[in-house]
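Enquirer: Take a look at entry23.pdb, PDB, C-alpha atoms:
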```
ATOM      1  CA  MET P   1      37.307  25.269 -33.638
ATOM      2  CA  ASN P   2      38.079  22.125 -31.695
ATOM      3  CA  ARG P   3      39.234  22.547 -28.168
ATOM      4  CA  PRO P   4      41.350  19.899 -26.509
ATOM      5  CA  GLU P   5      39.668  17.923 -23.728
ATOM      6  CA  THR P   6      40.131  19.477 -20.360
ATOM      7  CA  PRO P   7      42.456  17.261 -18.284
ATOM      8  CA  GLY P   8      40.711  15.978 -15.164
ATOM      9  CA  PHE P   9      37.292  17.175 -16.404
ATOM     10  CA  PRO P  10      36.156  14.761 -19.136
ATOM     11  CA  ASP P  11      32.472  15.446 -18.366
ATOM     12  CA  LEU P  12      32.888  19.133 -19.211
ATOM     13  CA  ALA P  13      34.427  18.304 -22.557
ATOM     14  CA  LEU P  14      31.629  15.817 -23.287
ATOM     15  CA  THR P  15      28.979  18.367 -22.327
ATOM     16  CA  GLY P  16      30.598  20.973 -24.539
ATOM     17  CA  ARG P  17      30.710  18.546 -27.434
ATOM     18  CA  PHE P  18      27.017  17.715 -26.912
ATOM     19  CA  LEU P  19      26.087  21.406 -26.911
ATOM     20  CA  ARG P  20      28.142  22.116 -30.047
ATOM     21  CA  CYS P  21      26.843  19.150 -31.999
ATOM     22  CA  GLU P  22      24.749  20.350 -34.905
ATOM     23  CA  SER P  23      23.507  17.030 -36.197
ATOM     24  CA  GLY P  24      20.999  16.532 -33.364
ATOM     25  CA  ALA P  25      21.634  12.815 -33.126
ATOM     26  CA  GLN P  26      22.188  12.935 -29.382
ATOM     27  CA  ALA P  27      18.989  14.896 -28.853
ATOM     28  CA  ILE P  28      17.003  12.395 -30.891
ATOM     29  CA  GLU P  29      18.565   9.471 -29.007
ATOM     30  CA  PHE P  30      17.781  11.150 -25.707
ATOM     31  CA  ALA P  31      14.179  11.771 -26.788
ATOM     32  CA  MET P  32      13.835   8.086 -27.613
ATOM     33  CA  ILE P  33      15.354   6.836 -24.359
ATOM     34  CA  ALA P  34      13.972   9.427 -21.900
ATOM     35  CA  PRO P  35      10.361   8.080 -21.739
ATOM     36  CA  MET P  36      11.649   4.617 -20.878
ATOM     37  CA  ILE P  37      13.925   5.980 -18.167
ATOM     38  CA  ILE P  38      11.106   8.090 -16.733
ATOM     39  CA  GLY P  39       8.769   5.065 -16.823
ATOM     40  CA  VAL P  40      11.262   2.901 -14.945
ATOM     41  CA  LEU P  41      11.774   5.635 -12.356
ATOM     42  CA  LEU P  42       8.010   6.078 -11.853
ATOM     43  CA  ALA P  43       7.481   2.317 -11.542
ATOM     44  CA  THR P  44      10.310   2.086  -9.007
ATOM     45  CA  LEU P  45       8.850   4.947  -6.981
ATOM     46  CA  GLN P  46       5.365   3.402  -7.076
ATOM     47  CA  VAL P  47       6.634  -0.012  -5.931
ATOM     48  CA  ALA P  48       8.692   1.580  -3.151
ATOM     49  CA  LEU P  49       5.649   3.501  -1.895
ATOM     50  CA  ILE P  50       3.510   0.366  -1.998
ATOM     51  CA  PHE P  51       6.060  -1.643   0.011
ATOM     52  CA  LEU P  52       6.444   1.176   2.542
ATOM     53  CA  ALA P  53       2.684   1.535   2.952
ATOM     54  CA  LYS P  54       2.212  -2.236   3.254
ATOM     55  CA  ALA P  55       4.847  -2.470   5.991
ATOM     56  CA  TYR P  56       3.260   0.466   7.799
ATOM     57  CA  LEU P  57      -0.191  -1.160   7.542
ATOM     58  CA  GLU P  58       1.148  -4.476   8.889
ATOM     59  CA  THR P  59       2.697  -2.760  11.903
ATOM     60  CA  ALA P  60      -0.490  -0.836  12.680
ATOM     61  CA  VAL P  61      -2.662  -3.958  12.416
ATOM     62  CA  GLU P  62      -0.310  -5.920  14.674
ATOM     63  CA  SER P  63      -0.710  -3.145  17.228
ATOM     64  CA  ALA P  64      -4.512  -3.231  16.867
ATOM     65  CA  ALA P  65      -4.535  -7.023  17.297
ATOM     66  CA  ARG P  66      -2.450  -6.656  20.444
ATOM     67  CA  PHE P  67      -4.985  -4.075  21.666
ATOM     68  CA  VAL P  68      -7.833  -6.605  21.251
ATOM     69  CA  MET P  69      -5.791  -9.585  22.480
ATOM     70  CA  THR P  70      -5.079  -7.861  25.802
ATOM     71  CA  ASN P  71      -8.786  -7.078  26.372
ATOM     72  CA  GLN P  72      -8.481  -3.302  25.912
ATOM     73  CA  ALA P  73     -11.157  -3.198  23.192
ATOM     74  CA  ASN P  74     -13.893  -5.113  25.009
ATOM     75  CA  ALA P  75     -16.103  -2.059  25.635
ATOM     76  CA  MET P  76     -15.534  -0.475  22.201
ATOM     77  CA  THR P  77     -18.034  -0.172  19.387
ATOM     78  CA  GLN P  78     -17.060  -0.838  15.774
ATOM     79  CA  ALA P  79     -16.697   2.913  15.099
ATOM     80  CA  GLN P  80     -14.505   3.407  18.170
ATOM     81  CA  PHE P  81     -12.278   0.482  17.213
ATOM     82  CA  GLN P  82     -11.973   1.749  13.645
ATOM     83  CA  THR P  83     -10.945   5.141  15.059
ATOM     84  CA  GLN P  84      -8.356   3.375  17.234
ATOM     85  CA  VAL P  85      -6.904   1.634  14.154
ATOM     86  CA  CYS P  86      -7.083   4.894  12.214
ATOM     87  CA  ASN P  87      -5.060   6.679  14.908
ATOM     88  CA  GLU P  88      -2.285   4.116  14.357
ATOM     89  CA  ILE P  89      -2.055   4.685  10.598
ATOM     90  CA  GLY P  90      -2.899   8.370  10.218
ATOM     91  CA  ALA P  91       0.461   9.408   8.756
ATOM     92  CA  LEU P  92       0.209   7.595   5.405
ATOM     93  CA  PHE P  93      -3.430   6.625   5.105
ATOM     94  CA  SER P  94      -6.807   8.309   4.877
ATOM     95  CA  CYS P  95      -9.365   6.887   7.276
ATOM     96  CA  ALA P  96     -12.066   7.138   4.582
ATOM     97  CA  ASN P  97     -10.472   4.248   2.634
ATOM     98  CA  LEU P  98      -9.941   2.036   5.694
ATOM     99  CA  ILE P  99     -11.964  -1.180   6.076
ATOM    100  CA  VAL P 100     -11.828  -2.951   9.455
ATOM    101  CA  GLU P 101     -13.419  -6.294  10.286
ATOM    102  CA  LEU P 102     -13.057  -8.101  13.624
ATOM    103  CA  GLU P 103     -14.818 -11.378  14.320
ATOM    104  CA  GLU P 104     -14.307 -14.827  15.752
ATOM    105  CA  ALA P 105     -12.031 -16.855  13.473
ATOM    106  CA  PRO P 106     -13.693 -19.541  11.339
ATOM    107  CA  SER P 107     -13.275 -23.074  12.646
ATOM    108  CA  SER P 108     -11.805 -24.392   9.394
ATOM    109  CA  ALA P 109      -9.735 -23.089   6.503
ATOM    110  CA  SER P 110     -12.537 -23.799   4.017
ATOM    111  CA  GLN P 111     -14.692 -21.172   5.770
ATOM    112  CA  MET P 112     -11.980 -18.496   5.608
ATOM    113  CA  SER P 113     -13.070 -16.979   2.278
ATOM    114  CA  ALA P 114     -16.551 -16.350   3.683
ATOM    115  CA  ALA P 115     -14.978 -14.272   6.466
ATOM    116  CA  MET P 116     -13.206 -11.938   4.020
ATOM    117  CA  PRO P 117     -14.972  -8.740   2.915
ATOM    118  CA  GLN P 118     -16.214  -8.965  -0.674
ATOM    119  CA  PHE P 119     -16.028  -6.268  -3.371
ATOM    120  CA  ASN P 120     -18.025  -5.649  -6.549
ATOM    121  CA  ALA P 121     -16.542  -4.853  -9.973
ATOM    122  CA  ALA P 122     -16.400  -1.123  -9.149
ATOM    123  CA  GLY P 123     -14.269  -1.720  -6.022
ATOM    124  CA  ALA P 124     -17.028  -1.052  -3.464
ATOM    125  CA  LEU P 125     -17.877  -3.324  -0.529
ATOM    126  CA  THR P 126     -20.842  -5.579  -1.269
ATOM    127  CA  SER P 127     -21.815  -5.989   2.399
ATOM    128  CA  PRO P 128     -20.940  -4.187   5.624
ATOM    129  CA  THR P 129     -18.062  -5.492   7.716
ATOM    130  CA  SER P 130     -18.730  -7.268  10.991
ATOM    131  CA  TYR P 131     -17.408  -6.496  14.432
ATOM    132  CA  GLY P 132     -17.563  -8.644  17.521
ATOM    133  CA  ILE P 133     -15.263  -9.709  20.321
ATOM    134  CA  ALA P 134     -15.765 -13.187  21.747
ATOM    135  CA  ALA P 135     -14.935 -14.209  25.285
ATOM    136  CA  ALA P 136     -11.495 -15.593  26.129
ATOM    137  CA  PRO P 137      -9.939 -17.937  25.036
ATOM    138  CA  ALA P 138     -11.572 -17.394  21.614
ATOM    139  CA  LYS P 139      -9.553 -17.218  18.434
ATOM    140  CA  MET P 140     -10.207 -13.940  16.616
ATOM    141  CA  ILE P 141      -9.493 -12.694  13.103
ATOM    142  CA  LEU P 142      -8.738  -9.050  12.424
ATOM    143  CA  ILE P 143      -8.837  -8.001   8.785
ATOM    144  CA  VAL P 144      -7.801  -4.475   7.867
ATOM    145  CA  MET P 145      -7.974  -3.406   4.246
ATOM    146  CA  TYR P 146      -6.992  -0.165   2.605
ATOM    147  CA  GLN P 147      -7.661   1.038  -0.924
ATOM    148  CA  TRP P 148      -4.314   2.614  -1.876
ATOM    149  CA  PRO P 149      -4.525   5.172  -4.716
ATOM    150  CA  ILE P 150      -2.384   4.341  -7.740
ATOM    151  CA  PHE P 151      -0.721   6.969  -9.915
ATOM    152  CA  GLY P 152       0.703   6.474 -13.377
ATOM    153  CA  SER P 153      -1.946   4.058 -14.634
ATOM    154  CA  GLY P 154      -2.437   6.244 -17.711
ATOM    155  CA  VAL P 155       1.095   5.465 -18.899
ATOM    156  CA  GLY P 156       0.879   1.708 -18.411
ATOM    157  CA  LEU P 157       2.015   1.517 -14.762
ATOM    158  CA  ASN P 158      -1.137  -0.151 -13.508
ATOM    159  CA  PHE P 159      -0.719  -1.808 -10.110
ATOM    160  CA  SER P 160      -4.423  -1.630  -9.212
ATOM    161  CA  ASN P 161      -6.423  -4.743  -8.410
ATOM    162  CA  LEU P 162      -9.873  -3.180  -7.864
ATOM    163  CA  GLY P 163     -12.302  -1.816 -10.408
ATOM    164  CA  ASN P 164     -11.992   1.728  -9.060
ATOM    165  CA  GLY P 165      -8.265   1.900  -9.951
ATOM    166  CA  THR P 166      -6.913   1.383  -6.430
ATOM    167  CA  LEU P 167      -4.674  -1.296  -4.949
ATOM    168  CA  LEU P 168      -6.344  -3.252  -2.152
ATOM    169  CA  MET P 169      -3.816  -3.744   0.646
ATOM    170  CA  THR P 170      -4.786  -6.348   3.219
ATOM    171  CA  SER P 171      -3.395  -7.271   6.592
ATOM    172  CA  THR P 172      -4.876 -10.204   8.474
ATOM    173  CA  GLN P 173      -4.064 -11.135  12.057
ATOM    174  CA  ILE P 174      -5.346 -14.291  13.750
ATOM    175  CA  PHE P 175      -4.857 -14.438  17.481
ATOM    176  CA  GLN P 176      -6.301 -15.802  20.707
ATOM    177  CA  ILE P 177      -7.779 -13.494  23.317
ATOM    178  CA  GLU P 178      -5.987 -13.788  26.643
ATOM    179  CA  PRO P 179      -7.924 -14.557  29.824
ATOM    180  CA  THR P 180      -8.369 -11.574  32.144
ATOM    181  CA  THR P 181      -7.184 -13.311  35.307
TER     182      THR P 181
END
```
Would you mind writing the file's structure down as structure tokens?

Expert:
Amino acid sequence: MNRPETPGFPDLALTGRFLRCESGAQAIEFAMIAPMIIGVLLATLQVALIFLAKAYLETAVESAARFVMTNQANAMTQAQFQTQVCNEIGALFSCANLIVELEEAPSSASQMSAAMPQFNAAGALTSPTSYGIAAAPAKMILIVMYQWPIFGSGVGLNFSNLGNGTLLMTSTQIFQIEPTT
């Protein structure tokens, strides 16, 4: 029994036709297309989360650099400064995955790679990070890294760049400490 399409409600007629179809062609087509649609949606969600987290990390590190630049961190230890940075990013990040390095900036660009924390194949730091605040008007470099967990790598959505399956997000700020006068 064929019913006429409902005027003004073409979607209802289409849905009814889909439910009454006995050949199963639409179901097979949907089963073929659905994994691709789900994959695209997961990849879009993952990229959106990464961009959001990266922007949040950049803002927090700018704030931490301002904290050092205005001489508010002079009496802090490395653990206290890391806690200060962690307080800025606590909403999206876990402090356990946070890596903070603060030191005087290298004098040339060729020495910059030596200042960056290094990782082994498993995604672990190969040496401890350094912390030191030079006297004004020194140029400082603040490097904050975070190992962002990646989901969906089992279905081919692999955005990780470390051996432990995480994405290393990095924010680097180079600034000059202001005189205290």

Enquirer: Using all atoms listed in the file, collect all residues at a distance of at most 12 Å from (-18.8, -4.4, 12.5) as written in the file, then present them as a tab-separated table (two decimals) with C-alpha atoms, in the coordinates of the input.

Expert:
```tsv
chain	number	residue	atom	x	y	z
P	76	MET	CA	-15.53	-0.48	22.20
P	77	THR	CA	-18.03	-0.17	19.39
P	78	GLN	CA	-17.06	-0.84	15.77
P	79	ALA	CA	-16.70	2.91	15.10
P	80	GLN	CA	-14.50	3.41	18.17
P	81	PHE	CA	-12.28	0.48	17.21
P	82	GLN	CA	-11.97	1.75	13.64
P	99	ILE	CA	-11.96	-1.18	6.08
P	100	VAL	CA	-11.83	-2.95	9.46
P	101	GLU	CA	-13.42	-6.29	10.29
P	102	LEU	CA	-13.06	-8.10	13.62
P	103	GLU	CA	-14.82	-11.38	14.32
P	104	GLU	CA	-14.31	-14.83	15.75
P	117	PRO	CA	-14.97	-8.74	2.92
P	127	SER	CA	-21.82	-5.99	2.40
P	128	PRO	CA	-20.94	-4.19	5.62
P	129	THR	CA	-18.06	-5.49	7.72
P	130	SER	CA	-18.73	-7.27	10.99
P	131	TYR	CA	-17.41	-6.50	14.43
P	132	GLY	CA	-17.56	-8.64	17.52
P	133	ILE	CA	-15.26	-9.71	20.32
P	142	LEU	CA	-8.74	-9.05	12.42
P	143	ILE	CA	-8.84	-8.00	8.78
P	144	VAL	CA	-7.80	-4.47	7.87
```

Enquirer: Which residues, named as in the file, does the PyMOL selection byres ((chain P and resi 167-177) around 7) pick out? Answer as a PyMOL selection string.

Expert: chain P and resi 54+57-58+61-62+65+69-70+136-150+159-162+165-166+178-179

Enquirer: I'd like to know which of P:Val47, P:Ala53, P:Val85, P:Ala121 is closest to P:Arg66, using only C-alpha atoms.

Expert: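 Looking at the shortest contact to P:Arg66, the residue is P:Val85.
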
Enquirer: Distance atom CA of P:Ile89-atom CA of P:Leu52, one decimal place?

Expert: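 Atom CA of P:Leu52 lies 12.2 Å from atom CA of P:Ile89.
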
Enquirer: By how many Å are atom CA of P:Ala115 and atom CA of P:Val68 apart?

Expert: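 Atom CA of P:Ala115 sits 18.1 Å away from atom CA of P:Val68.
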
Enquirer: So what do you get for atom CA of P:Thr59 versus atom CA of P:Glu88, distance-wise?

Expert: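 Interatomic distance, atom CA of P:Thr59 to atom CA of P:Glu88: 8.8 Å.
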
Enquirer: Nearest residue to P:Asn97 out of P:Ala55, P:Ala64, P:Met116, P:Ala124, using only C-alpha atoms?

Expert: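 When distances to P:Asn97 are compared using only C-alpha atoms, the smallest one comes from P:Ala124.
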
Enquirer: Given 3 Å of margin on each side, can you work out the centre and size in Å (one decimal) of an axis-aligned box holding every listed atom of stretch 114-117 of chain P, as AutoDock Vina command-line options?

Expert:
```
--center_x -14.9 --center_y -12.5 --center_z 4.7 --size_x 9.3 --size_y 13.6 --size_z 9.6
```
